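**Student:** Take a look at model.cif, mmCIF, C-alpha atoms (C1' of nucleotides):
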data_input
#
loop_
_atom_site.group_PDB
_atom_site.id
_atom_site.type_symbol
_atom_site.label_atom_id
_atom_site.label_comp_id
_atom_site.auth_asym_id
_atom_site.auth_seq_id
_atom_site.Cartn_x
_atom_site.Cartn_y
_atom_site.Cartn_z
ATOM 1 C CA MET A 1 -20.363 -4.753 -4.812
ATOM 2 C CA SER A 2 -18.018 -7.703 -5.027
ATOM 3 C CA ALA A 3 -18.505 -10.651 -2.756
ATOM 4 C CA PHE A 4 -14.910 -10.249 -1.777
ATOM 5 C CA GLN A 5 -15.405 -6.671 -0.743
ATOM 6 C CA ASP A 6 -18.541 -7.483 1.213
ATOM 7 C CA LYS A 7 -16.861 -10.172 3.265
ATOM 8 C CA PHE A 8 -13.637 -8.276 3.642
ATOM 9 C CA ASP A 9 -15.407 -5.138 4.815
ATOM 10 C CA GLN A 10 -17.423 -6.919 7.465
ATOM 11 C CA ALA A 11 -14.429 -8.873 8.694
ATOM 12 C CA VAL A 12 -12.357 -5.714 9.002
ATOM 13 C CA TRP A 13 -15.135 -3.798 10.686
ATOM 14 C CA ARG A 14 -15.630 -6.514 13.247
ATOM 15 C CA VAL A 15 -11.940 -6.711 14.017
ATOM 16 C CA VAL A 16 -11.481 -2.947 14.294
ATOM 17 C CA ALA A 17 -14.636 -2.536 16.355
ATOM 18 C CA GLY A 18 -13.313 -5.246 18.664
ATOM 19 C CA ILE A 19 -9.978 -3.602 19.380
ATOM 20 C CA VAL A 20 -9.723 -3.146 23.118
ATOM 21 C CA PRO A 21 -9.773 0.541 24.103
ATOM 22 C CA GLY A 22 -6.339 1.718 25.078
ATOM 23 C CA THR A 23 -4.694 -0.675 22.664
ATOM 24 C CA VAL A 24 -3.694 -0.430 19.034
ATOM 25 C CA MET A 25 -3.341 -2.815 16.111
ATOM 26 C CA GLY A 26 -1.344 -2.598 12.911
ATOM 27 C CA TYR A 27 -2.964 -2.716 9.476
ATOM 28 C CA GLY A 28 -1.276 -6.017 8.850
ATOM 29 C CA GLU A 29 -2.547 -7.392 12.147
ATOM 30 C CA VAL A 30 -6.097 -6.316 11.399
ATOM 31 C CA ALA A 31 -5.916 -7.851 7.946
ATOM 32 C CA ARG A 32 -4.526 -11.058 9.389
ATOM 33 C CA ALA A 33 -7.185 -11.206 12.104
ATOM 34 C CA ALA A 34 -9.826 -10.621 9.437
ATOM 35 C CA GLY A 35 -8.482 -13.564 7.489
ATOM 36 C CA PHE A 36 -6.684 -11.621 4.737
ATOM 37 C CA PRO A 37 -2.985 -11.566 5.610
ATOM 38 C CA ARG A 38 -1.936 -9.743 2.442
ATOM 39 C CA HIS A 39 -4.557 -7.019 2.472
ATOM 40 C CA ALA A 40 -3.192 -4.471 4.900
ATOM 41 C CA ARG A 41 -3.756 -1.720 2.359
ATOM 42 C CA MET A 42 -7.351 -2.746 1.805
ATOM 43 C CA VAL A 43 -8.080 -2.263 5.503
ATOM 44 C CA SER A 44 -8.049 1.481 5.062
ATOM 45 C CA ARG A 45 -10.425 1.245 2.128
ATOM 46 C CA ALA A 46 -12.787 -0.996 4.090
ATOM 47 C CA MET A 47 -12.841 1.386 7.027
ATOM 48 C CA GLY A 48 -13.568 4.286 4.739
ATOM 49 C CA ARG A 49 -16.627 2.408 3.508
ATOM 50 C CA SER A 50 -17.893 1.795 7.010
ATOM 51 C CA ALA A 51 -21.279 3.375 7.654
ATOM 52 C CA ALA A 52 -20.970 2.979 11.422
ATOM 53 C CA PRO A 53 -18.289 4.960 13.256
ATOM 54 C CA LEU A 54 -15.255 2.755 13.761
ATOM 55 C CA PRO A 55 -12.307 3.340 16.101
ATOM 56 C CA TRP A 56 -10.065 3.761 13.073
ATOM 57 C CA TYR A 57 -7.631 5.723 15.192
ATOM 58 C CA ARG A 58 -6.695 2.508 17.026
ATOM 59 C CA VAL A 59 -5.197 1.235 13.787
ATOM 60 C CA VAL A 60 -1.576 2.243 13.315
ATOM 61 C CA ARG A 61 1.375 1.270 11.158
ATOM 62 C CA SER A 62 3.459 -1.815 11.790
ATOM 63 C CA ASN A 63 6.144 0.323 13.390
ATOM 64 C CA ARG A 64 3.503 1.780 15.770
ATOM 65 C CA THR A 65 3.640 5.234 14.242
ATOM 66 C CA LEU A 66 0.370 6.964 13.404
ATOM 67 C CA ALA A 67 -1.277 6.179 10.088
ATOM 68 C CA PHE A 68 -1.006 9.642 8.535
ATOM 69 C CA THR A 69 1.620 12.182 7.576
ATOM 70 C CA PRO A 70 3.081 13.807 10.692
ATOM 71 C CA GLY A 71 1.625 17.285 11.120
ATOM 72 C CA SER A 72 -1.458 16.697 9.006
ATOM 73 C CA GLU A 73 -4.915 17.323 10.448
ATOM 74 C CA ALA A 74 -5.822 13.652 10.411
ATOM 75 C CA TRP A 75 -2.559 12.887 12.140
ATOM 76 C CA LEU A 76 -3.277 15.356 14.940
ATOM 77 C CA ARG A 77 -6.822 14.037 15.200
ATOM 78 C CA GLN A 78 -5.664 10.463 15.589
ATOM 79 C CA LYS A 79 -3.050 11.500 18.124
ATOM 80 C CA SER A 80 -5.623 13.277 20.274
ATOM 81 C CA LEU A 81 -8.076 10.402 20.092
ATOM 82 C CA LEU A 82 -5.459 7.855 21.070
ATOM 83 C CA GLU A 83 -4.305 9.971 23.979
ATOM 84 C CA SER A 84 -7.875 10.272 25.193
ATOM 85 C CA GLU A 85 -8.121 6.479 24.985
ATOM 86 C CA GLY A 86 -5.200 6.215 27.361
ATOM 87 C CA VAL A 87 -2.576 5.329 24.782
ATOM 88 C CA GLN A 88 0.742 6.957 25.540
ATOM 89 C CA LEU A 89 2.582 8.520 22.630
ATOM 90 C CA LYS A 90 6.094 9.802 22.158
ATOM 91 C CA ASN A 91 6.526 12.265 19.330
ATOM 92 C CA GLY A 92 3.752 10.588 17.351
ATOM 93 C CA LYS A 93 4.864 7.053 18.177
ATOM 94 C CA VAL A 94 2.900 4.686 20.380
ATOM 95 C CA ILE A 95 5.121 3.819 23.318
ATOM 96 C CA CYS A 96 2.742 2.131 25.732
ATOM 97 C CA ALA A 97 -0.105 0.232 24.119
ATOM 98 C CA VAL A 98 -1.092 -3.290 25.046
ATOM 99 C CA GLN A 99 0.030 -5.638 22.320
ATOM 100 C CA THR A 100 -3.003 -7.790 21.571
ATOM 101 C CA ASP A 101 -1.100 -9.748 18.940
ATOM 102 C CA SER A 102 -4.545 -10.794 17.668
ATOM 103 C CA VAL A 103 -4.676 -13.777 20.038
ATOM 104 C CA ASP A 104 -7.428 -12.841 22.488
ATOM 105 C CA LEU A 105 -8.946 -10.736 19.768
ATOM 106 C CA ASP A 106 -9.040 -13.664 17.424
ATOM 107 C CA ARG A 107 -10.891 -15.779 19.979
ATOM 108 C CA LEU A 108 -13.151 -12.892 20.932
ATOM 109 C CA LEU A 109 -14.168 -12.132 17.391
ATOM 110 C CA TRP A 110 -14.118 -15.437 15.594
ATOM 111 C CA GLY A 111 -15.447 -17.700 18.336
ATOM 112 C CA PRO A 112 -19.260 -17.392 18.026
ATOM 113 C CA ALA A 113 -18.956 -16.050 14.540
ATOM 114 C CA GLU A 114 -20.751 -17.563 11.627
ATOM 115 C CA GLU A 115 -18.907 -19.319 8.845
ATOM 116 C "C1'" DC B 1 -7.430 -3.896 -20.579
ATOM 117 C "C1'" DC B 2 -3.434 -0.865 -18.995
ATOM 118 C "C1'" DC B 3 -1.870 2.365 -15.617
ATOM 119 C "C1'" DT B 4 -1.899 4.859 -11.394
ATOM 120 C "C1'" DT B 5 -2.836 5.170 -6.525
ATOM 121 C "C1'" DG B 6 -2.949 3.979 -1.705
ATOM 122 C "C1'" DA B 7 -4.875 5.320 6.023
ATOM 123 C "C1'" DC B 8 0.842 -0.896 3.907
ATOM 124 C "C1'" DT B 9 5.172 -3.768 4.890
ATOM 125 C "C1'" DA B 10 9.679 -5.768 4.617
ATOM 126 C "C1'" DT B 11 14.224 -5.361 3.097
ATOM 127 C "C1'" DC B 12 18.346 -3.275 1.453
ATOM 128 C "C1'" DT B 13 21.613 0.638 1.201
ATOM 129 C "C1'" DG C 1 17.975 5.926 11.411
ATOM 130 C "C1'" DA C 2 16.545 7.856 7.079
ATOM 131 C "C1'" DG C 3 15.743 7.129 1.992
ATOM 132 C "C1'" DA C 4 15.059 4.004 -1.880
ATOM 133 C "C1'" DT C 5 13.188 -0.395 -3.790
ATOM 134 C "C1'" DA C 6 10.242 -3.993 -4.296
ATOM 135 C "C1'" DG C 7 6.329 -6.787 -3.190
ATOM 136 C "C1'" DC C 8 1.590 -6.584 -2.314
ATOM 137 C "C1'" DC C 9 -3.659 -6.420 -4.224
ATOM 138 C "C1'" DA C 10 -7.963 -4.169 -5.073
ATOM 139 C "C1'" DA C 11 -10.265 0.051 -6.823
ATOM 140 C "C1'" DG C 12 -10.860 3.704 -10.105
ATOM 141 C "C1'" DG C 13 -9.772 6.388 -14.254
#
Written as structure tokens, that's how I'd like the structure from this file.
**Tutor:**
Amino acid sequence: MSAFQDKFDQAVWRVVAGIVPGTVMGYGEVARAAGFPRHARMVSRAMGRSAAPLPWYRVVRSNRTLAFTPGSEAWLRQKSLLESEGVQLKNGKVICAVQTDSVDLDRLLWGPAEE
DNA sequence: CCCTTGACTATCT
DNA sequence: GAGATAGCCAAGG
């Protein structure tokens, strides 16, 4: 396991786990909050490697659409989960989620952190 | 080592 | 607003 992967994984996990319920973040935002601005695509890989259950469904695309192909099982699953979190959707698009913009999240996650 | 893939994103047409 | 193109970067074959 690469050192890069190890650090990246943990950073991503912490960020995703710290997403406030009822809100969503983009892959790019998560990557940026984790300290890897260019690794939006690696976020998905990191989450897939997570042993602990992560609120992956709170991670959406930059345009606030769901992460998967519309109509697919995963897509429906994510939609249901988000709705149960209180996120309001419109035809598969998030219309009313608090925009964290990684500010409070950044402080929340990286304040007492090591390194 | 080369090539393809991907739960991405931004930009142009 | 939808489709194509180009960057992006690590992982896996």
**Student:** What's around DT4 of chain B at 12 Å? Count all atoms listed in the file, leave out sequence neighbours fewer than 3 positions away in its own chain, and write the answer as a PDB file with C-alpha atoms (C1' of nucleotides), in the frame of the given file.
**Tutor:**
ATOM      1  C1'  DA C  11     -10.265   0.051  -6.823  1.00  0.00           C
ATOM      2  C1'  DG C  12     -10.860   3.704 -10.105  1.00  0.00           C
ATOM      3  C1'  DG C  13      -9.772   6.388 -14.254  1.00  0.00           C
TER       4       DG C  13
END
**Student:** Please find the residues of chain A near chain B - the criterion being any atom within 12 Å, counting all atoms listed in the file - and write them as a PyMOL selection string.
**Tutor:** chain A and resi 26-31+37-48+56-63+65-69+74-75+78
**Student:** Run the PyMOL selection byres ((chain C) within 8 of (chain A)) against the file shown and list the residues it catches, as a ChimeraX atom specification.
**Tutor:** /C:8-10
**Student:** Show me, as a ChimeraX atom specification, the residues that have an atom within 9 Å of Gln10 of chain A when counting only C-alpha atoms (C1' of nucleotides), minus same-chain residues fewer than 4 positions from it.
**Tutor:** /A:5-6,14-15,34,46,50
**Student:** Provide the atom CA of Pro55 of chain A to atom C1' of DG7 of chain C distance in Å, to one decimal place.
**Tutor:**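 It comes out at 28.7 Å.
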**Student:** Provide the atom CA of Ser72 of chain A to atom CA of Ser84 of chain A distance in Å, to one decimal place.
**Tutor:** 18.6 Å
**Student:** What would the selection look like, as a list in words, if the PyMOL selection byres ((chain A and resi 93) around 9) were run on the coordinates I just shared?
**Tutor:** Asn63, Arg64, Thr65, Leu66, Gln88, Leu89, Lys90, Asn91, Gly92, Val94 and Ile95 of chain A
**Student:** One decimal, Å: what's the distance from atom CA of Thr23 of chain A over to atom CA of Arg77 of chain A, could you say?
**Tutor:**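 Between atom CA of Thr23 of chain A and atom CA of Arg77 of chain A the gap works out to 16.6 Å.
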